[in-house]
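> Input structure: work_16.tsv, which contains TSV, C-alpha atoms and all ligand atoms.
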```
chain	number	residue	atom	x	y	z
X	1148	MET	CA	0.00	0.00	0.00
X	1149	ALA	CA	1.62	3.21	-1.14
X	1150	ALA	CA	0.45	6.19	0.85
X	1151	ASN	CA	1.76	9.74	0.71
X	1152	ILE	CA	2.85	10.41	4.27
X	1153	LEU	CA	3.84	13.85	5.48
X	1154	VAL	CA	6.36	13.60	8.32
X	1155	VAL	CA	6.62	16.76	10.42
X	1156	GLU	CA	9.71	16.34	12.56
X	1157	ASP	CA	12.49	18.81	13.45
X	1158	GLU	CA	15.10	16.22	14.47
X	1159	PRO	CA	16.96	15.19	11.28
X	1160	ALA	CA	18.03	11.78	12.61
X	1161	ILE	CA	14.47	10.78	13.52
X	1162	LEU	CA	13.13	12.15	10.24
X	1163	ALA	CA	15.70	10.11	8.29
X	1164	LEU	CA	14.92	6.96	10.28
X	1165	ILE	CA	11.18	7.34	9.70
X	1166	ALA	CA	11.66	8.12	5.99
X	1167	ALA	CA	13.83	5.01	5.49
X	1168	ASN	CA	11.23	2.80	7.15
X	1169	LEU	CA	8.32	4.34	5.26
X	1170	LYS	CA	10.19	3.76	2.02
X	1171	ARG	CA	10.81	0.13	2.91
X	1172	ALA	CA	7.09	-0.28	3.58
X	1173	GLY	CA	6.34	1.14	0.12
X	1174	HIS	CA	5.17	4.59	1.21
X	1175	ILE	CA	6.16	7.97	-0.16
X	1176	THR	CA	7.60	10.38	2.41
X	1177	LEU	CA	7.01	14.11	2.29
X	1178	ALA	CA	9.05	15.93	4.91
X	1179	ALA	CA	8.62	19.16	6.84
X	1180	VAL	CA	10.83	20.41	9.69
X	1181	ASP	CA	8.23	22.69	11.26
X	1182	ALA	CA	4.47	23.24	11.39
X	1183	GLU	CA	4.61	26.29	9.13
X	1184	SER	CA	6.27	24.46	6.24
X	1185	ALA	CA	3.94	21.51	6.83
X	1186	GLN	CA	1.01	23.88	6.31
X	1187	GLN	CA	2.53	25.02	3.02
X	1188	GLN	CA	2.88	21.42	1.85
X	1189	VAL	CA	-0.66	20.57	2.85
X	1190	LYS	CA	-1.84	23.57	0.85
X	1191	LEU	CA	-0.18	22.15	-2.25
X	1192	ALA	CA	-1.50	18.61	-1.86
X	1193	LEU	CA	-3.34	16.69	0.83
X	1194	PRO	CA	-1.25	13.78	2.13
X	1195	ASP	CA	-2.90	10.43	2.95
X	1196	LEU	CA	-1.61	10.65	6.51
X	1197	ILE	CA	0.44	13.02	8.69
X	1198	LEU	CA	3.02	11.90	11.25
X	1199	LEU	CA	3.21	14.92	13.46
X	1200	ASP	CA	5.84	15.59	16.10
X	1201	TRP	CA	4.43	17.25	19.21
X	1202	MET	CA	7.42	19.45	20.06
X	1203	LEU	CA	8.36	21.63	17.11
X	1204	PRO	CA	10.10	25.00	16.90
X	1205	GLY	CA	7.44	27.69	16.41
X	1206	MET	CA	3.92	26.34	16.19
X	1207	SER	CA	3.51	23.07	18.12
X	1208	GLY	CA	2.30	19.86	16.59
X	1209	VAL	CA	-0.82	19.97	18.73
X	1210	GLU	CA	-1.65	23.45	17.43
X	1211	LEU	CA	-1.14	22.31	13.85
X	1212	ALA	CA	-3.43	19.31	14.44
X	1213	ARG	CA	-6.05	21.66	15.87
X	1214	ARG	CA	-5.86	23.92	12.82
X	1215	LEU	CA	-6.03	21.05	10.36
X	1216	ARG	CA	-9.12	19.70	12.08
X	1217	ALA	CA	-10.77	23.14	12.09
X	1218	GLU	CA	-10.52	23.52	8.31
X	1219	GLU	CA	-13.01	21.85	6.00
X	1220	ARG	CA	-10.39	20.81	3.45
X	1221	THR	CA	-8.01	19.17	5.94
X	1222	ARG	CA	-10.53	17.97	8.51
X	1223	MET	CA	-10.36	14.33	7.44
X	1224	VAL	CA	-6.58	13.85	7.06
X	1225	PRO	CA	-5.46	11.04	9.39
X	1226	ILE	CA	-2.95	12.27	11.98
X	1227	ILE	CA	-0.60	10.27	14.20
X	1228	MET	CA	1.14	12.32	16.89
X	1229	LEU	CA	4.77	11.56	17.69
X	1230	THR	CA	6.05	12.57	21.05
X	1231	ALA	CA	8.64	12.06	23.73
X	1232	ARG	CA	5.97	12.69	26.30
X	1233	GLY	CA	4.29	9.63	27.61
X	1234	ASP	CA	1.92	10.87	30.21
X	1235	GLU	CA	-1.78	10.30	30.11
X	1236	HIS	CA	-2.72	13.99	30.14
X	1237	ASP	CA	-0.77	14.68	26.95
X	1238	LYS	CA	-2.24	11.66	25.27
X	1239	VAL	CA	-5.73	12.86	26.07
X	1240	LEU	CA	-4.90	16.35	24.78
X	1241	GLY	CA	-3.48	14.91	21.55
X	1242	LEU	CA	-6.60	12.85	20.94
X	1243	GLU	CA	-8.84	15.77	21.90
X	1244	VAL	CA	-7.43	17.96	19.16
X	1245	GLY	CA	-8.29	15.20	16.74
X	1246	ALA	CA	-5.22	12.99	16.39
X	1247	ASP	CA	-6.16	9.45	15.35
X	1248	ASP	CA	-3.36	7.81	17.26
X	1249	TYR	CA	-0.37	8.55	19.37
X	1250	VAL	CA	3.14	7.05	19.31
X	1251	THR	CA	5.61	7.71	22.09
X	1252	LYS	CA	9.34	8.09	21.34
X	1253	PRO	CA	11.43	6.06	21.30
X	1254	PHE	CA	9.30	3.75	19.13
X	1255	SER	CA	10.28	0.75	17.09
X	1256	PRO	CA	9.88	1.17	13.33
X	1257	ARG	CA	7.72	-1.94	13.32
X	1258	GLU	CA	5.34	-0.44	15.87
X	1259	LEU	CA	5.13	2.82	13.94
X	1260	LEU	CA	4.37	1.01	10.66
X	1261	ALA	CA	1.71	-1.10	12.38
X	1262	ARG	CA	0.05	2.05	13.74
X	1263	ILE	CA	0.16	3.68	10.31
X	1264	LYS	CA	-1.43	0.62	8.75
X	1265	ALA	CA	-4.19	0.51	11.36
X	1266	VAL	CA	-4.99	4.22	11.01
X	1267	LEU	CA	-5.03	4.05	7.20
X	1268	ARG	CA	-7.29	1.01	7.32
X	1269	ARG	CA	-9.69	2.89	9.58
X	1270	ARG	CA	-9.50	6.37	8.06
X	1271	ALA	CA	-8.31	5.99	4.46
X	1272	PRO	CA	-9.14	2.43	3.34
X	1273	GLN	CA	-8.86	3.50	-0.31
X	1274	VAL	CA	-5.07	3.68	0.03
X	1275	THR	CA	-4.73	0.21	1.57
X	1276	GLU	CA	-4.36	-3.03	-0.34
X	1277	ASP	CA	-7.38	-4.68	1.25
X	1278	ILE	CA	-9.82	-6.36	-1.10
X	1279	ALA	CA	-13.16	-4.54	-1.21
X	1280	GLU	CA	-16.43	-6.40	-1.66
X	1281	ILE	CA	-20.06	-5.38	-1.89
X	1282	GLY	CA	-23.14	-7.05	-3.38
X	1283	GLY	CA	-21.08	-9.70	-5.17
X	1284	LEU	CA	-18.74	-7.11	-6.65
X	1285	ARG	CA	-15.09	-7.68	-5.74
X	1286	LEU	CA	-12.23	-5.24	-6.23
X	1287	ASP	CA	-8.60	-6.19	-5.69
X	1288	PRO	CA	-6.39	-3.06	-5.43
X	1289	VAL	CA	-3.20	-5.12	-5.81
X	1290	THR	CA	-4.03	-6.84	-9.09
X	1291	HIS	CA	-6.41	-4.05	-10.20
X	1292	ARG	CA	-9.00	-6.72	-10.96
X	1293	ILE	CA	-12.71	-6.28	-10.55
X	1294	THR	CA	-14.89	-9.35	-10.71
X	1295	VAL	CA	-18.46	-10.48	-10.22
X	1296	ASN	CA	-18.58	-14.27	-9.63
X	1297	ASP	CA	-15.17	-14.54	-11.28
X	1298	GLN	CA	-16.45	-12.70	-14.33
X	1299	PRO	CA	-14.04	-9.79	-14.98
X	1300	VAL	CA	-15.21	-6.20	-15.29
X	1301	SER	CA	-13.03	-3.84	-17.28
X	1302	LEU	CA	-12.76	-0.23	-16.12
X	1303	GLY	CA	-10.74	2.85	-17.03
X	1304	PRO	CA	-8.32	4.21	-14.39
X	1305	THR	CA	-10.64	6.98	-13.17
X	1306	GLU	CA	-13.64	4.65	-12.94
X	1307	PHE	CA	-11.44	2.19	-11.03
X	1308	ARG	CA	-10.42	4.82	-8.47
X	1309	LEU	CA	-13.99	6.08	-8.20
X	1310	LEU	CA	-15.34	2.57	-7.62
X	1311	HIS	CA	-12.56	1.80	-5.12
X	1312	PHE	CA	-13.34	4.94	-3.14
X	1313	LEU	CA	-17.10	4.24	-3.14
X	1314	MET	CA	-16.56	0.60	-2.13
X	1315	THR	CA	-14.24	1.49	0.75
X	1316	HIS	CA	-16.80	4.06	1.96
X	1317	ALA	CA	-19.95	2.09	1.24
X	1318	GLU	CA	-23.42	3.30	2.26
X	1319	ARG	CA	-22.19	6.86	2.78
X	1320	VAL	CA	-23.39	9.55	0.42
X	1321	HIS	CA	-20.62	11.58	-1.22
X	1322	SER	CA	-21.20	14.92	-2.86
X	1323	ARG	CA	-19.69	15.58	-6.27
X	1324	SER	CA	-17.16	17.95	-4.74
X	1325	GLN	CA	-16.14	15.35	-2.13
X	1326	LEU	CA	-15.66	12.79	-4.89
X	1327	LEU	CA	-13.58	15.25	-6.89
X	1328	ASP	CA	-11.33	15.87	-3.85
X	1329	GLN	CA	-10.97	12.18	-3.04
X	1330	VAL	CA	-10.73	10.64	-6.47
X	1331	TRP	CA	-9.37	13.35	-8.74
X	1332	GLY	CA	-7.22	15.16	-6.13
X	1333	ASP	CA	-8.18	18.25	-4.22
X	1334	HIS	CA	-6.41	20.79	-6.38
X	1335	VAL	CA	-7.59	19.50	-9.69
X	1336	PHE	CA	-9.90	21.98	-11.31
X	1337	VAL	CA	-12.56	20.02	-13.10
X	1338	GLU	CA	-16.26	20.67	-13.23
X	1339	GLU	CA	-18.59	18.73	-10.99
X	1340	ARG	CA	-20.31	17.42	-14.12
X	1341	THR	CA	-17.18	15.35	-14.73
X	1342	VAL	CA	-18.23	13.15	-11.81
X	1343	ASP	CA	-21.56	12.43	-13.50
X	1344	VAL	CA	-19.78	11.45	-16.70
X	1345	HIS	CA	-17.59	8.92	-14.90
X	1346	ILE	CA	-20.47	7.58	-12.82
X	1347	ARG	CA	-22.29	6.96	-16.09
X	1348	ARG	CA	-19.28	5.11	-17.52
X	1349	LEU	CA	-18.95	3.09	-14.31
X	1350	ARG	CA	-22.61	2.05	-14.44
X	1351	ALA	CA	-22.30	1.16	-18.12
X	1352	ALA	CA	-19.28	-1.05	-17.38
X	1353	LEU	CA	-21.13	-2.82	-14.55
X	1354	GLU	CA	-24.37	-3.25	-16.48
X	1355	ALA	CA	-23.51	-6.63	-18.03
X	1356	THR	CA	-23.01	-8.08	-14.54
X	1357	GLY	CA	-26.25	-6.56	-13.22
X	1358	ARG	CA	-24.33	-4.70	-10.54
X	1359	ASP	CA	-24.86	-1.19	-11.96
X	1360	SER	CA	-27.75	-0.74	-9.51
X	1361	LEU	CA	-25.25	-0.78	-6.64
X	1362	ILE	CA	-24.22	2.74	-7.69
X	1363	GLN	CA	-27.03	4.92	-6.41
X	1364	THR	CA	-27.86	8.54	-7.08
X	1365	VAL	CA	-29.08	10.43	-4.04
X	1366	ARG	CA	-31.02	13.38	-5.36
X	1367	GLY	CA	-29.66	16.72	-4.30
X	1368	SER	CA	-26.76	15.08	-2.45
X	1369	GLY	CA	-24.56	12.94	-4.64
X	1370	TYR	CA	-23.72	9.28	-5.01
X	1371	ARG	CA	-23.20	6.21	-2.89
X	1372	ILE	CA	-22.62	2.52	-3.33
X	1373	SER	CA	-24.99	0.29	-1.46
X	1374	ALA	CA	-26.14	-3.33	-1.52
X	1375	VAL	CA	-29.48	-2.13	-0.15
X	1376	PRO	CA	-31.83	-1.46	-3.07
X	1377	VAL	CA	-33.27	2.02	-3.44
X	1378	ALA	CA	-36.92	2.11	-2.39
X	1379	THR	CA	-39.13	2.75	-5.36
X	1380	VAL	CA	-42.12	4.95	-4.71
A	1401	CA	CA	10.72	17.68	18.10
```
If you convert what's in this file into structure tokens, what do you get?
Ligand code: CA

Amino acid sequence: MAANILVVEDEPAILALIAANLKRAGHITLAAVDAESAQQQVKLALPDLILLDWMLPGMSGVELARRLRAEERTRMVPIIMLTARGDEHDKVLGLEVGADDYVTKPFSPRELLARIKAVLRRRAPQVTEDIAEIGGLRLDPVTHRITVNDQPVSLGPTEFRLLHFLMTHAERVHSRSQLLDQVWGDHVFVEERTVDVHIRRLRAALEATGRDSLIQTVRGSGYRISAVPVATV
């Protein structure tokens, strides 16, 4: 599973150690040495996860976490706090500002990678390699294969990403702008209509397997994937 992970850490040795381990696990490391430059990087592109040191020169990691959670665009980015502090009060504060997990230094690389995996699985399943399944439809992110009862479904790259995102966030309704952010990237300027075009292509590709009805339009809201049929009035 290749995730873009922003590491905000002012100690070069720790940053290098984390970067080497992330690379070995197949992730891409983006580095920032303080909260201010992390904010600049986040403005350019949303990472899949942020490893955020608590004690930073200038703005603290906790303050940065608070700001990221307060902003609509960055509200959902998974955050793991890194800290030398181990006491319960700090842990509670870190989680209160919205961190998803908390790793105390010194940590073993294996522990850190396990925490990253767990948080991604919980908060950003579309970047994991877990097989997604709904209503007989099966998507394997590793082989890029989609099947219904072993019958293959062929999709273009955008439809694949769109389906993967919907399947890993099943039952939830996503607005067109949310889908654009999540599937196309949050700084890609395309019209919301583009989503409709790709939903149409996705349904067309699924039609032969009878699974096109899994992709549901929620009027005035957006789209969702669901194995529960839409009530017909
Ligand atoms: Ca530090």
> Please, which residues have at least one atom within 7 Å of an atom of ligand CA 1401 (chain A), using all atoms listed in the file, listed as a list in words?
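Going residue by residue within 7 Å of ligand CA 1401 (chain A), we get Glu1156, Asp1157, Glu1158, Asp1200, Trp1201, Met1202 and Leu1203 of chain X.
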> If we count all atoms listed in the file, what is near segment 1181-1197 of chain X at a cut-off of 9 Å, once residues fewer than 6 positions away on the same chain are taken out, given as an mmCIF file with C-alpha atoms, in the frame of the given file?

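What follows is the written file around_17.cif:
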```
data_model
loop_
_atom_site.group_PDB
_atom_site.id
_atom_site.type_symbol
_atom_site.label_atom_id
_atom_site.label_comp_id
_atom_site.auth_asym_id
_atom_site.auth_seq_id
_atom_site.Cartn_x
_atom_site.Cartn_y
_atom_site.Cartn_z
ATOM 1 C CA ALA X 1150 0.450 6.190 0.850
ATOM 2 C CA ASN X 1151 1.760 9.740 0.710
ATOM 3 C CA ILE X 1152 2.850 10.410 4.270
ATOM 4 C CA LEU X 1153 3.840 13.850 5.480
ATOM 5 C CA VAL X 1154 6.360 13.600 8.320
ATOM 6 C CA VAL X 1155 6.620 16.760 10.420
ATOM 7 C CA GLU X 1156 9.710 16.340 12.560
ATOM 8 C CA ASP X 1157 12.490 18.810 13.450
ATOM 9 C CA LEU X 1203 8.360 21.630 17.110
ATOM 10 C CA PRO X 1204 10.100 25.000 16.900
ATOM 11 C CA GLY X 1205 7.440 27.690 16.410
ATOM 12 C CA MET X 1206 3.920 26.340 16.190
ATOM 13 C CA SER X 1207 3.510 23.070 18.120
ATOM 14 C CA GLY X 1208 2.300 19.860 16.590
ATOM 15 C CA GLU X 1210 -1.650 23.450 17.430
ATOM 16 C CA LEU X 1211 -1.140 22.310 13.850
ATOM 17 C CA LEU X 1215 -6.030 21.050 10.360
ATOM 18 C CA ARG X 1220 -10.390 20.810 3.450
ATOM 19 C CA THR X 1221 -8.010 19.170 5.940
ATOM 20 C CA VAL X 1224 -6.580 13.850 7.060
ATOM 21 C CA PRO X 1225 -5.460 11.040 9.390
ATOM 22 C CA ILE X 1226 -2.950 12.270 11.980
ATOM 23 C CA ILE X 1227 -0.600 10.270 14.200
ATOM 24 C CA MET X 1228 1.140 12.320 16.890
ATOM 25 C CA ILE X 1263 0.160 3.680 10.310
ATOM 26 C CA VAL X 1266 -4.990 4.220 11.010
ATOM 27 C CA LEU X 1267 -5.030 4.050 7.200
ATOM 28 C CA ALA X 1271 -8.310 5.990 4.460
ATOM 29 C CA VAL X 1274 -5.070 3.680 0.030
ATOM 30 C CA GLY X 1332 -7.220 15.160 -6.130
ATOM 31 C CA ASP X 1333 -8.180 18.250 -4.220
ATOM 32 C CA HIS X 1334 -6.410 20.790 -6.380
#
```
> Using atom CA of Tyr1370 of chain X and atom CA of Asp1343 of chain X as the two end points, give the distance in Å to one decimal.
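If I compute the distance from atom CA of Tyr1370 of chain X to atom CA of Asp1343 of chain X, I get 9.3 Å.
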> Considering all atoms listed in the file, tabulate each residue of segment 1148-1239 of chain X that lies at most 9 Å from segment 1243-1258 of chain X along with its nearest interatomic pair and the corresponding distance in Å to one decimal; arrange the rows by chain and ascending residue number and present them as a tab-separated table.

```
residue	atom	partner	partner_atom	distance
X:Leu1164	CA	X:Pro1256	CA	8.3
X:Ile1165	CA	X:Pro1256	CA	7.3
X:Asn1168	CA	X:Pro1256	CA	6.5
X:Leu1169	CA	X:Pro1256	CA	8.8
X:Val1209	CA	X:Val1244	CA	6.9
X:Glu1210	CA	X:Val1244	CA	8.2
X:Ala1212	CA	X:Val1244	CA	6.3
X:Arg1213	CA	X:Val1244	CA	5.1
X:Arg1214	CA	X:Val1244	CA	8.8
X:Leu1215	CA	X:Gly1245	CA	8.9
X:Arg1216	CA	X:Gly1245	CA	6.5
X:Arg1222	CA	X:Gly1245	CA	9.0
X:Pro1225	CA	X:Asp1247	CA	6.2
X:Ile1226	CA	X:Ala1246	CA	5.0
X:Ile1227	CA	X:Asp1248	CA	4.8
X:Met1228	CA	X:Tyr1249	CA	4.8
X:Leu1229	CA	X:Val1250	CA	5.1
X:Thr1230	CA	X:Thr1251	CA	5.0
X:Ala1231	CA	X:Lys1252	CA	4.7
X:Arg1232	CA	X:Thr1251	CA	6.5
X:Gly1233	CA	X:Thr1251	CA	6.0
X:Lys1238	CA	X:Tyr1249	CA	6.9
X:Val1239	CA	X:Glu1243	CA	6.0
```
> Do a neighbour search on Val1300 of chain X at 10 Å with all atoms listed in the file, toss out local chain neighbours closer than 3 positions, and write the hits as a ChimeraX atom specification.
/X:1284-1286,1292-1295,1297,1352-1356
> Which of these residues is nearest to Trp1331 of chain X, using only C-alpha atoms: X:Ala1279, X:Ala1178, X:Leu1162, X:Leu1309?
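Of X:Ala1279, X:Ala1178, X:Leu1162, X:Leu1309, the one nearest Trp1331 of chain X, counting only C-alpha atoms, is X:Leu1309.
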> So how far away is atom CA of Ala1265 of chain X from atom CA of Leu1177 of chain X, in Å?
19.8 Å
> Find the residue from X:Leu1260, X:Val1330, X:Val1289, X:Glu1338 that sits nearest to Glu1306 of chain X; use all atoms listed in the file when measuring.
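Checking each of X:Leu1260, X:Val1330, X:Val1289, X:Glu1338 against Glu1306 of chain X, counting all atoms listed in the file, the winner is X:Val1330.
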> Give the answer as one residue: which of X:Gly1303, X:Pro1376, X:Gly1367, X:His1311 has the shortest atom-to-atom distance to Arg1323 of chain X, using all atoms listed in the file?
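Closest to Arg1323 of chain X of all the choices is X:Gly1367.
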> So which residues touch Arg1340 of chain X within 12 Å, counting all atoms listed in the file, skipping near sequence neighbours fewer than 6 positions away, as a PyMOL selection string?
chain X and resi 1322-1324+1326-1327+1346-1347+1369
> When you draw a straight line from atom CA of Val1344 of chain X to atom CA of Ser1373 of chain X, how long is it in Å?
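If I compute the distance from atom CA of Val1344 of chain X to atom CA of Ser1373 of chain X, I get 19.6 Å.
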> List every protein, DNA or RNA residue that has an atom no more than 12 Å from (-29.8, 8.0, -3.7) in the file's coordinate frame, counting only C-alpha atoms, and report them as a CSV table (one decimal) with C-alpha atoms, in the coordinates of the input.

```
chain,number,residue,atom,x,y,z
X,1318,GLU,CA,-23.4,3.3,2.3
X,1319,ARG,CA,-22.2,6.9,2.8
X,1320,VAL,CA,-23.4,9.6,0.4
X,1321,HIS,CA,-20.6,11.6,-1.2
X,1322,SER,CA,-21.2,14.9,-2.9
X,1360,SER,CA,-27.8,-0.7,-9.5
X,1361,LEU,CA,-25.2,-0.8,-6.6
X,1362,ILE,CA,-24.2,2.7,-7.7
X,1363,GLN,CA,-27.0,4.9,-6.4
X,1364,THR,CA,-27.9,8.5,-7.1
X,1365,VAL,CA,-29.1,10.4,-4.0
X,1366,ARG,CA,-31.0,13.4,-5.4
X,1367,GLY,CA,-29.7,16.7,-4.3
X,1368,SER,CA,-26.8,15.1,-2.4
X,1369,GLY,CA,-24.6,12.9,-4.6
X,1370,TYR,CA,-23.7,9.3,-5.0
X,1371,ARG,CA,-23.2,6.2,-2.9
X,1372,ILE,CA,-22.6,2.5,-3.3
X,1373,SER,CA,-25.0,0.3,-1.5
X,1375,VAL,CA,-29.5,-2.1,-0.2
X,1376,PRO,CA,-31.8,-1.5,-3.1
X,1377,VAL,CA,-33.3,2.0,-3.4
X,1378,ALA,CA,-36.9,2.1,-2.4
X,1379,THR,CA,-39.1,2.8,-5.4
```
> Go through X:Ala1179, X:Val1342, X:Ala1172, X:Arg1308 one by one, measure the shortest atom-to-atom distance of each to Leu1259 of chain X using all atoms listed in the file, and give the residue with the smallest value.
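Looking at the shortest contact to Leu1259 of chain X, the residue is X:Ala1172.
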> Pick out the closest residue to Leu1349 of chain X from this set: X:Ile1278, X:His1291, X:Lys1170, X:Leu1302. Count only C-alpha atoms.
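Using only C-alpha atoms, Leu1349 of chain X sits closest to X:Leu1302.
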> Could you check the closest approach to Thr1176 of chain X for each of X:Leu1198, X:Leu1240, X:Ala1160, X:Met1223 and tell me which residue wins, using all atoms listed in the file?
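So, comparing all the options, the nearest one is X:Leu1198.
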